[in-house]
file input39.cif (mmCIF, C-alpha atoms)
data_final
loop_
_atom_site.group_PDB
_atom_site.id
_atom_site.type_symbol
_atom_site.label_atom_id
_atom_site.label_comp_id
_atom_site.auth_asym_id
_atom_site.auth_seq_id
_atom_site.Cartn_x
_atom_site.Cartn_y
_atom_site.Cartn_z
ATOM 1 C CA MET A 1 10.275 22.280 20.507
ATOM 2 C CA GLU A 2 8.653 21.786 17.095
ATOM 3 C CA LYS A 3 8.286 18.226 15.845
ATOM 4 C CA LEU A 4 10.564 17.268 12.950
ATOM 5 C CA TYR A 5 9.702 14.620 10.378
ATOM 6 C CA LYS A 6 12.280 12.356 8.785
ATOM 7 C CA LEU A 7 12.190 12.315 4.977
ATOM 8 C CA SER A 8 10.654 8.821 5.024
ATOM 9 C CA GLU A 9 7.930 9.958 7.447
ATOM 10 C CA PHE A 10 7.194 13.074 5.421
ATOM 11 C CA ALA A 11 7.050 11.021 2.216
ATOM 12 C CA ARG A 12 4.541 8.655 3.830
ATOM 13 C CA LEU A 13 2.336 11.485 5.073
ATOM 14 C CA THR A 14 2.295 13.383 1.798
ATOM 15 C CA GLY A 15 2.596 10.628 -0.786
ATOM 16 C CA ILE A 16 5.545 12.446 -2.360
ATOM 17 C CA SER A 17 8.699 10.485 -3.188
ATOM 18 C CA ARG A 18 11.876 11.090 -1.156
ATOM 19 C CA SER A 19 13.643 12.331 -4.288
ATOM 20 C CA GLY A 20 10.783 14.737 -4.931
ATOM 21 C CA ILE A 21 11.051 16.139 -1.409
ATOM 22 C CA VAL A 22 14.829 16.575 -1.728
ATOM 23 C CA LYS A 23 14.280 18.388 -5.033
ATOM 24 C CA TRP A 24 11.811 20.753 -3.368
ATOM 25 C CA ILE A 25 14.299 21.421 -0.573
ATOM 26 C CA ARG A 26 17.033 22.277 -3.060
ATOM 27 C CA GLU A 27 14.647 24.549 -4.988
ATOM 28 C CA ASP A 28 13.603 26.289 -1.728
ATOM 29 C CA LYS A 29 9.998 25.210 -2.225
ATOM 30 C CA ILE A 30 9.940 23.607 1.197
ATOM 31 C CA ARG A 31 11.743 24.537 4.415
ATOM 32 C CA ALA A 32 13.943 21.848 5.954
ATOM 33 C CA VAL A 33 16.517 21.455 8.708
ATOM 34 C CA ASN A 34 19.811 19.678 8.144
ATOM 35 C CA ILE A 35 21.038 17.792 11.221
ATOM 36 C CA HIS A 36 24.303 15.849 10.878
ATOM 37 C CA GLY A 37 23.815 15.520 7.134
ATOM 38 C CA ARG A 38 20.174 14.398 7.320
ATOM 39 C CA TRP A 39 17.167 16.443 6.263
ATOM 40 C CA TYR A 40 14.168 16.907 8.569
ATOM 41 C CA ILE A 41 10.902 18.716 7.794
ATOM 42 C CA PRO A 42 9.249 20.856 10.521
ATOM 43 C CA GLU A 43 5.635 20.033 11.361
ATOM 44 C CA SER A 44 4.618 23.629 10.605
ATOM 45 C CA GLU A 45 5.875 23.134 7.053
ATOM 46 C CA TYR A 46 3.714 20.029 6.678
ATOM 47 C CA GLU A 47 0.687 22.005 7.864
ATOM 48 C CA ARG A 48 1.487 24.815 5.424
ATOM 49 C CA LEU A 49 1.733 22.430 2.497
ATOM 50 C CA THR A 50 -1.366 20.431 3.314
ATOM 51 C CA LYS A 51 -3.523 23.557 3.376
ATOM 52 C CA GLY A 52 -2.871 24.155 -0.307
ATOM 53 C CA PHE A 53 -1.302 21.054 -1.765
ATOM 54 C CA TYR A 54 -4.072 18.667 -0.765
ATOM 55 C CA THR A 55 -7.073 20.842 -1.509
ATOM 56 C CA GLY A 56 -7.295 18.928 -4.795
ATOM 57 C CA VAL A 57 -7.729 15.612 -2.976
ATOM 58 C CA LYS A 58 -11.491 15.502 -2.667
ATOM 59 C CA ARG A 59 -12.246 11.878 -3.527
ATOM 60 C CA ILE A 60 -10.281 9.060 -1.904
ATOM 61 C CA ALA A 61 -10.498 5.317 -2.373
ATOM 62 C CA ILE A 62 -9.429 3.342 0.684
ATOM 63 C CA TYR A 63 -8.106 -0.017 -0.518
ATOM 64 C CA ALA A 64 -7.805 -2.852 2.004
ATOM 65 C CA LYS A 65 -6.730 -6.436 1.291
ATOM 66 C CA VAL A 66 -6.041 -9.695 3.104
ATOM 67 C CA SER A 67 -4.961 -13.054 1.724
ATOM 68 C CA GLY A 68 -7.791 -15.332 2.872
ATOM 69 C CA ASN A 69 -11.243 -15.675 4.390
ATOM 70 C CA THR A 70 -9.726 -16.558 7.774
ATOM 71 C CA GLN A 71 -8.472 -12.954 8.038
ATOM 72 C CA LYS A 72 -11.800 -11.119 7.809
ATOM 73 C CA ASP A 73 -11.300 -9.652 11.284
ATOM 74 C CA ASP A 74 -7.905 -8.337 10.160
ATOM 75 C CA LEU A 75 -9.573 -6.835 7.102
ATOM 76 C CA GLU A 76 -12.050 -4.895 9.229
ATOM 77 C CA ARG A 77 -9.262 -3.620 11.508
ATOM 78 C CA GLN A 78 -7.300 -2.548 8.453
ATOM 79 C CA ILE A 79 -10.297 -0.632 7.102
ATOM 80 C CA SER A 80 -10.933 1.027 10.468
ATOM 81 C CA SER A 81 -7.315 2.220 10.793
ATOM 82 C CA LEU A 82 -7.349 3.590 7.242
ATOM 83 C CA GLU A 83 -10.606 5.436 7.851
ATOM 84 C CA ASP A 84 -9.036 7.058 10.920
ATOM 85 C CA TYR A 85 -5.988 8.000 8.848
ATOM 86 C CA VAL A 86 -8.075 9.617 6.105
ATOM 87 C CA ARG A 87 -10.289 11.515 8.553
ATOM 88 C CA LYS A 88 -7.178 12.863 10.287
ATOM 89 C CA HIS A 89 -5.096 13.817 7.247
ATOM 90 C CA TYR A 90 -7.800 14.572 4.664
ATOM 91 C CA PRO A 91 -10.795 15.859 6.642
ATOM 92 C CA GLN A 92 -12.141 17.708 3.602
ATOM 93 C CA ALA A 93 -12.231 14.591 1.391
ATOM 94 C CA GLU A 94 -14.984 12.085 0.723
ATOM 95 C CA TYR A 95 -13.895 8.464 0.757
ATOM 96 C CA MET A 96 -15.123 5.028 -0.206
ATOM 97 C CA VAL A 97 -13.847 1.598 0.814
ATOM 98 C CA ILE A 98 -12.791 -1.036 -1.712
ATOM 99 C CA LYS A 99 -11.555 -4.398 -0.476
ATOM 100 C CA ASP A 100 -10.194 -7.688 -1.761
ATOM 101 C CA ILE A 101 -9.696 -11.117 -0.233
ATOM 102 C CA ALA A 102 -6.931 -12.625 -2.350
ATOM 103 C CA ASN A 103 -3.191 -13.230 -2.161
ATOM 104 C CA GLY A 104 -1.046 -10.327 -3.269
ATOM 105 C CA LEU A 105 0.340 -12.240 -6.263
ATOM 106 C CA LYS A 106 -3.042 -12.799 -7.874
ATOM 107 C CA GLU A 107 -3.247 -10.777 -11.077
ATOM 108 C CA TYR A 108 -7.026 -10.557 -11.266
ATOM 109 C CA ARG A 109 -8.617 -8.943 -8.230
ATOM 110 C CA ARG A 110 -12.060 -7.432 -8.464
ATOM 111 C CA GLY A 111 -11.253 -4.568 -6.092
ATOM 112 C CA LEU A 112 -7.975 -3.698 -7.809
ATOM 113 C CA ARG A 113 -9.659 -3.716 -11.223
ATOM 114 C CA LYS A 114 -12.306 -1.389 -9.830
ATOM 115 C CA LEU A 115 -9.587 1.001 -8.598
ATOM 116 C CA ILE A 116 -8.003 1.107 -12.046
ATOM 117 C CA GLU A 117 -11.369 1.717 -13.721
ATOM 118 C CA MET A 118 -12.239 4.512 -11.276
ATOM 119 C CA ALA A 119 -8.838 6.116 -11.870
ATOM 120 C CA ARG A 120 -9.312 5.880 -15.623
ATOM 121 C CA ARG A 121 -12.706 7.594 -15.332
ATOM 122 C CA LYS A 122 -11.283 10.358 -13.097
ATOM 123 C CA GLN A 123 -13.599 9.344 -10.236
ATOM 124 C CA ILE A 124 -10.897 9.467 -7.535
ATOM 125 C CA ASP A 125 -7.945 11.713 -6.706
ATOM 126 C CA ALA A 126 -6.016 9.386 -4.402
ATOM 127 C CA ILE A 127 -5.775 5.799 -3.160
ATOM 128 C CA VAL A 128 -4.865 5.154 0.474
ATOM 129 C CA ILE A 129 -3.406 1.766 1.447
ATOM 130 C CA ALA A 130 -1.990 0.499 4.728
ATOM 131 C CA TYR A 131 1.236 -0.994 3.309
ATOM 132 C CA LYS A 132 2.775 -1.289 -0.152
ATOM 133 C CA ASP A 133 2.023 -4.996 -0.440
ATOM 134 C CA ARG A 134 -1.699 -4.381 0.154
ATOM 135 C CA LEU A 135 -1.765 -3.037 -3.396
ATOM 136 C CA THR A 136 0.478 -5.734 -4.821
ATOM 137 C CA ARG A 137 3.167 -8.090 -3.539
ATOM 138 C CA SER A 138 5.362 -7.167 -6.522
ATOM 139 C CA SER A 139 5.489 -4.428 -9.177
ATOM 140 C CA PHE A 140 4.306 -1.722 -6.763
ATOM 141 C CA THR A 141 6.272 0.947 -8.629
ATOM 142 C CA TYR A 142 4.598 0.081 -11.946
ATOM 143 C CA LEU A 143 1.097 0.223 -10.474
ATOM 144 C CA LYS A 144 1.913 3.497 -8.754
ATOM 145 C CA GLU A 145 3.083 4.950 -12.070
ATOM 146 C CA LEU A 146 -0.072 3.699 -13.783
ATOM 147 C CA PHE A 147 -2.275 5.508 -11.272
ATOM 148 C CA LYS A 148 -0.046 8.583 -11.512
ATOM 149 C CA ALA A 149 -0.638 8.629 -15.277
ATOM 150 C CA TYR A 150 -4.355 8.877 -14.516
ATOM 151 C CA GLY A 151 -3.693 11.714 -12.063
ATOM 152 C CA VAL A 152 -4.260 9.550 -8.981
ATOM 153 C CA ARG A 153 -1.848 9.597 -6.043
ATOM 154 C CA VAL A 154 -1.065 6.356 -4.136
ATOM 155 C CA ILE A 155 -0.552 7.073 -0.428
ATOM 156 C CA VAL A 156 0.981 4.463 1.906
ATOM 157 C CA ALA A 157 -0.360 5.167 5.391
ATOM 158 C CA PHE A 158 1.893 2.963 7.526
ATOM 159 C CA HIS A 159 5.356 1.429 7.270
ATOM 160 C CA GLU A 160 5.546 -1.147 10.054
ATOM 161 C CA GLU A 161 4.180 -4.454 8.836
ATOM 162 C CA PRO A 162 1.425 -6.085 10.952
ATOM 163 C CA LYS A 163 2.158 -9.042 13.222
ATOM 164 C CA ASP A 164 0.400 -11.467 10.858
ATOM 165 C CA TYR A 165 2.627 -10.405 7.935
ATOM 166 C CA TYR A 166 4.643 -13.651 8.094
ATOM 167 C CA ARG A 167 1.482 -15.728 7.802
ATOM 168 C CA GLU A 168 0.471 -13.935 4.619
ATOM 169 C CA LEU A 169 3.922 -14.435 3.108
ATOM 170 C CA VAL A 170 3.652 -18.159 3.847
ATOM 171 C CA GLU A 171 0.233 -18.337 2.182
ATOM 172 C CA ASP A 172 1.589 -16.563 -0.880
ATOM 173 C CA LEU A 173 4.580 -18.923 -0.998
ATOM 174 C CA ILE A 174 2.275 -21.951 -0.968
ATOM 175 C CA ALA A 175 0.156 -20.348 -3.711
ATOM 176 C CA ILE A 176 3.257 -19.856 -5.903
ATOM 177 C CA VAL A 177 4.519 -23.423 -5.434
ATOM 178 C CA THR A 178 1.048 -24.846 -6.020
ATOM 179 C CA SER A 179 0.663 -22.883 -9.244
ATOM 180 C CA PHE A 180 4.025 -23.929 -10.673
ATOM 181 C CA ALA A 181 3.663 -27.563 -9.576
ATOM 182 C CA ARG A 182 0.248 -27.729 -11.248
ATOM 183 C CA ARG A 183 1.720 -26.451 -14.513
ATOM 184 C CA ILE A 184 4.720 -28.780 -14.428
ATOM 185 C CA TYR A 185 3.131 -32.021 -13.198
ATOM 186 C CA GLY A 186 -0.611 -31.602 -13.601
ATOM 187 C CA LYS A 187 -3.054 -31.254 -10.715
ATOM 188 C CA ARG A 188 -3.865 -34.981 -10.506
ATOM 189 C CA SER A 189 -0.302 -36.281 -10.541
ATOM 190 C CA ARG A 190 1.385 -37.792 -7.480
ATOM 191 C CA LYS A 191 4.397 -35.479 -7.887
ATOM 192 C CA TYR A 192 2.126 -32.441 -7.679
ATOM 193 C CA LYS A 193 0.638 -33.650 -4.409
ATOM 194 C CA LYS A 194 4.055 -34.525 -2.982
ATOM 195 C CA VAL A 195 5.514 -31.106 -3.790
ATOM 196 C CA VAL A 196 2.583 -29.240 -2.274
ATOM 197 C CA GLU A 197 2.533 -31.439 0.845
ATOM 198 C CA ALA A 198 6.305 -31.023 1.274
ATOM 199 C CA VAL A 199 6.082 -27.219 1.139
ATOM 200 C CA GLU A 200 3.104 -27.099 3.498
ATOM 201 C CA GLN A 201 4.944 -29.308 5.975
ATOM 202 C CA ALA A 202 8.144 -27.254 5.668
ATOM 203 C CA VAL A 203 6.426 -23.968 6.532
ATOM 204 C CA LYS A 204 4.769 -25.563 9.553
ATOM 205 C CA ASP A 205 8.150 -26.410 11.083
ATOM 206 C CA PRO A 206 9.456 -23.762 13.512
#

call {"tool": "encode", "arguments": {"input": "input39.cif", "output": "structure tokens"}}
result
Amino acid sequence: MEKLYKLSEFARLTGISRSGIVKWIREDKIRAVNIHGRWYIPESEYERLTKGFYTGVKRIAIYAKVSGNTQKDDLERQISSLEDYVRKHYPQAEYMVIKDIANGLKEYRRGLRKLIEMARRKQIDAIVIAYKDRLTRSSFTYLKELFKAYGVRVIVAFHEEPKDYYRELVEDLIAIVTSFARRIYGKRSRKYKKVVEAVEQAVKDP
């Protein structure tokens, strides 16, 4: 029996939005199977589309990110899994690896700025990331639209968050509190230190 992809799975594989896929189904541009009110895409249809639809994807930027220097091993595993993904799904494409070590809320990231500059110069056709928050913890839709305006597709390779996801959220939470406390009380004040210590102690508790 032929494998069937859920809409969410097909969207992840192709980088097309769910609404875009549904529109294609309704316009008979893509074959789909309706089972109990849910649409599924046959694997043969994915293979048909990728033969023509992705021929334009010749230059890919793999973007990998972790929150801190203690996660360098995680960064390398992330890069390795993304390389495997690109080789499997885009065997005809050349790729390069761009990485950042910074929390997802940081506005200035050297790697992210490089991605934007490469997109602006038409040096890449697509960006492949492991999870949405690898690109940014917030405003993912806006960044995706920015790259789309430059003709660059953002492809999310995986949907299940890694086991260390909670740890990164905690680090980002501490970064937010630290930033706001510094602005309100000043870095040298006793209140600043108390607030930061209180948050750090709170996240340590089970």

call {"tool": "resolve_selection", "arguments": {"input": "input39.cif", "expression": "the PyMOL selection byres ((chain A and resi 131) around 12)", "output": "PyMOL selection string"}}
result
chain A and resi 12+62-66+78+81-82+104+127-130+132-137+140+154-162+165

call {"tool": "write_last_selection", "arguments": {"input": "input39.cif", "atoms": "C-alpha atoms", "output": "tab-separated table (two decimals), in the frame of the given file"}}
result
chain	number	residue	atom	x	y	z
A	12	ARG	CA	4.54	8.65	3.83
A	62	ILE	CA	-9.43	3.34	0.68
A	63	TYR	CA	-8.11	-0.02	-0.52
A	64	ALA	CA	-7.80	-2.85	2.00
A	65	LYS	CA	-6.73	-6.44	1.29
A	66	VAL	CA	-6.04	-9.70	3.10
A	78	GLN	CA	-7.30	-2.55	8.45
A	81	SER	CA	-7.32	2.22	10.79
A	82	LEU	CA	-7.35	3.59	7.24
A	104	GLY	CA	-1.05	-10.33	-3.27
A	127	ILE	CA	-5.78	5.80	-3.16
A	128	VAL	CA	-4.86	5.15	0.47
A	129	ILE	CA	-3.41	1.77	1.45
A	130	ALA	CA	-1.99	0.50	4.73
A	132	LYS	CA	2.78	-1.29	-0.15
A	133	ASP	CA	2.02	-5.00	-0.44
A	134	ARG	CA	-1.70	-4.38	0.15
A	135	LEU	CA	-1.76	-3.04	-3.40
A	136	THR	CA	0.48	-5.73	-4.82
A	137	ARG	CA	3.17	-8.09	-3.54
A	140	PHE	CA	4.31	-1.72	-6.76
A	154	VAL	CA	-1.06	6.36	-4.14
A	155	ILE	CA	-0.55	7.07	-0.43
A	156	VAL	CA	0.98	4.46	1.91
A	157	ALA	CA	-0.36	5.17	5.39
A	158	PHE	CA	1.89	2.96	7.53
A	159	HIS	CA	5.36	1.43	7.27
A	160	GLU	CA	5.55	-1.15	10.05
A	161	GLU	CA	4.18	-4.45	8.84
A	162	PRO	CA	1.42	-6.08	10.95
A	165	TYR	CA	2.63	-10.40	7.94

call {"tool": "resolve_selection", "arguments": {"input": "input39.cif", "expression": "the PyMOL selection byres ((chain A and resi 41) around 6)", "output": "JSON list (two decimals) with C-alpha atoms, in the coordinates of the input"}}
result
[["chain", "number", "residue", "atom", "x", "y", "z"],
["A", 4, "LEU", "CA", 10.56, 17.27, 12.95],
["A", 5, "TYR", "CA", 9.70, 14.62, 10.38],
["A", 32, "ALA", "CA", 13.94, 21.85, 5.95],
["A", 40, "TYR", "CA", 14.17, 16.91, 8.57],
["A", 42, "PRO", "CA", 9.25, 20.86, 10.52]]

call {"tool": "closest_residue", "arguments": {"input": "input39.cif", "among": "A:Asp73, A:Ser139, A:Val199, A:Tyr95", "to": "A:Ile174", "atoms": "all atoms listed in the file"}}
result
A:Val199

call {"tool": "closest_residue", "arguments": {"input": "input39.cif", "among": "A:Gln123, A:Arg188, A:Ala175, A:Ile116", "to": "A:Phe147", "atoms": "only C-alpha atoms"}}
result
A:Ile116

call {"tool": "atom_distance", "arguments": {"input": "input39.cif", "atom1": "atom CA of A:Val22", "atom2": "atom CA of A:Ser138"}}
result
26.0 Å

call {"tool": "atom_distance", "arguments": {"input": "input39.cif", "atom1": "atom CA of A:Arg182", "atom2": "atom CA of A:Gln201"}}
result
17.9 Å

call {"tool": "atom_distance", "arguments": {"input": "input39.cif", "atom1": "atom CA of A:Ala202", "atom2": "atom CA of A:Ser67"}}
result
19.7 Å

call {"tool": "resolve_selection", "arguments": {"input": "input39.cif", "expression": "the PyMOL selection byres ((chain A and resi 102) around 6)", "output": "VMD selection string"}}
result
chain A and resid 67 to 68 100 to 101 103

call {"tool": "closest_residue", "arguments": {"input": "input39.cif", "among": "A:Ile35, A:Arg190, A:Leu13, A:Arg59", "to": "A:Glu94", "atoms": "only C-alpha atoms"}}
result
A:Arg59

call {"tool": "residues_around", "arguments": {"input": "input39.cif", "residues": "A:Leu7", "least_positions_apart": "2", "cutoff": "7 Å", "atoms": "all atoms listed in the file", "output": "JSON, numbers by chain"}}
result
{"A": [5, 9, 10, 11, 18, 39, 40]}

call {"tool": "closest_residue", "arguments": {"input": "input39.cif", "among": "A:Arg153, A:Lys148, A:Arg120, A:Arg110", "to": "A:Thr14", "atoms": "all atoms listed in the file"}}
result
A:Arg153

call {"tool": "closest_residue", "arguments": {"input": "input39.cif", "among": "A:Glu45, A:Gly111, A:Ile16, A:Lys99", "to": "A:Lys72", "atoms": "all atoms listed in the file"}}
result
A:Lys99

call {"tool": "build_atoms", "arguments": {"input": "input39.cif", "residues": "stretch 15-48 of chain A", "atoms": "N, CA and C atoms", "output": "compact mmCIF listing (two decimals), in the coordinates of the input"}}
result
# COMPACT_ATOMS: atom_id res chain seq x y z
N GLY A 15 2.68 11.39 0.45
CA GLY A 15 2.60 10.63 -0.79
C GLY A 15 3.59 11.08 -1.85
N ILE A 16 4.51 11.95 -1.45
CA ILE A 16 5.54 12.45 -2.36
C ILE A 16 6.79 11.57 -2.19
N SER A 17 7.49 11.31 -3.28
CA SER A 17 8.70 10.48 -3.19
C SER A 17 9.80 11.23 -2.44
N ARG A 18 10.75 10.48 -1.86
CA ARG A 18 11.88 11.09 -1.16
C ARG A 18 12.67 12.00 -2.10
N SER A 19 12.88 11.52 -3.33
CA SER A 19 13.64 12.33 -4.29
C SER A 19 12.90 13.62 -4.62
N GLY A 20 11.58 13.54 -4.67
CA GLY A 20 10.78 14.74 -4.93
C GLY A 20 10.89 15.75 -3.81
N ILE A 21 10.91 15.25 -2.57
CA ILE A 21 11.05 16.14 -1.41
C ILE A 21 12.42 16.81 -1.41
N VAL A 22 13.47 16.02 -1.68
CA VAL A 22 14.83 16.58 -1.73
C VAL A 22 14.92 17.66 -2.81
N LYS A 23 14.28 17.40 -3.95
CA LYS A 23 14.28 18.39 -5.03
C LYS A 23 13.62 19.69 -4.59
N TRP A 24 12.51 19.56 -3.88
CA TRP A 24 11.81 20.75 -3.37
C TRP A 24 12.69 21.52 -2.39
N ILE A 25 13.41 20.77 -1.55
CA ILE A 25 14.30 21.42 -0.57
C ILE A 25 15.37 22.23 -1.30
N ARG A 26 15.96 21.61 -2.31
CA ARG A 26 17.03 22.28 -3.06
C ARG A 26 16.52 23.49 -3.84
N GLU A 27 15.24 23.44 -4.23
CA GLU A 27 14.65 24.55 -4.99
C GLU A 27 13.98 25.57 -4.06
N ASP A 28 14.17 25.38 -2.74
CA ASP A 28 13.60 26.29 -1.73
C ASP A 28 12.07 26.35 -1.78
N LYS A 29 11.46 25.26 -2.21
CA LYS A 29 10.00 25.21 -2.22
C LYS A 29 9.45 24.71 -0.89
N ILE A 30 10.34 24.14 -0.10
CA ILE A 30 9.94 23.61 1.20
C ILE A 30 11.08 23.85 2.18
N ARG A 31 10.74 24.26 3.39
CA ARG A 31 11.74 24.54 4.42
C ARG A 31 12.14 23.25 5.12
N ALA A 32 13.44 23.06 5.31
CA ALA A 32 13.94 21.85 5.95
C ALA A 32 15.13 22.18 6.85
N VAL A 33 15.40 21.28 7.77
CA VAL A 33 16.52 21.46 8.71
C VAL A 33 17.51 20.32 8.48
N ASN A 34 18.77 20.68 8.34
CA ASN A 34 19.81 19.68 8.14
C ASN A 34 20.52 19.42 9.47
N ILE A 35 20.41 18.18 9.96
CA ILE A 35 21.04 17.79 11.22
C ILE A 35 21.98 16.62 10.95
N HIS A 36 23.28 16.88 11.10
CA HIS A 36 24.30 15.85 10.88
C HIS A 36 24.15 15.21 9.50
N GLY A 37 23.88 16.02 8.50
CA GLY A 37 23.82 15.52 7.13
C GLY A 37 22.48 14.91 6.73
N ARG A 38 21.49 14.96 7.62
CA ARG A 38 20.17 14.40 7.32
C ARG A 38 19.13 15.50 7.32
N TRP A 39 18.21 15.44 6.36
CA TRP A 39 17.17 16.44 6.26
C TRP A 39 15.96 16.07 7.11
N TYR A 40 15.39 17.07 7.78
CA TYR A 40 14.17 16.91 8.57
C TYR A 40 13.21 18.04 8.21
N ILE A 41 11.91 17.72 8.16
CA ILE A 41 10.90 18.72 7.79
C ILE A 41 10.10 19.11 9.04
N PRO A 42 10.03 20.41 9.36
CA PRO A 42 9.25 20.86 10.52
C PRO A 42 7.75 20.58 10.33
N GLU A 43 7.07 20.31 11.42
CA GLU A 43 5.64 20.03 11.36
C GLU A 43 4.86 21.22 10.80
N SER A 44 5.29 22.43 11.12
CA SER A 44 4.62 23.63 10.60
C SER A 44 4.66 23.69 9.08
N GLU A 45 5.74 23.16 8.51
CA GLU A 45 5.88 23.13 7.05
C GLU A 45 4.89 22.14 6.44
N TYR A 46 4.71 21.02 7.13
CA TYR A 46 3.71 20.03 6.68
C TYR A 46 2.32 20.65 6.70
N GLU A 47 2.00 21.37 7.75
CA GLU A 47 0.69 22.00 7.86
C GLU A 47 0.49 23.06 6.78
N ARG A 48 1.57 23.80 6.48
CA ARG A 48 1.49 24.82 5.42
C ARG A 48 1.20 24.18 4.07
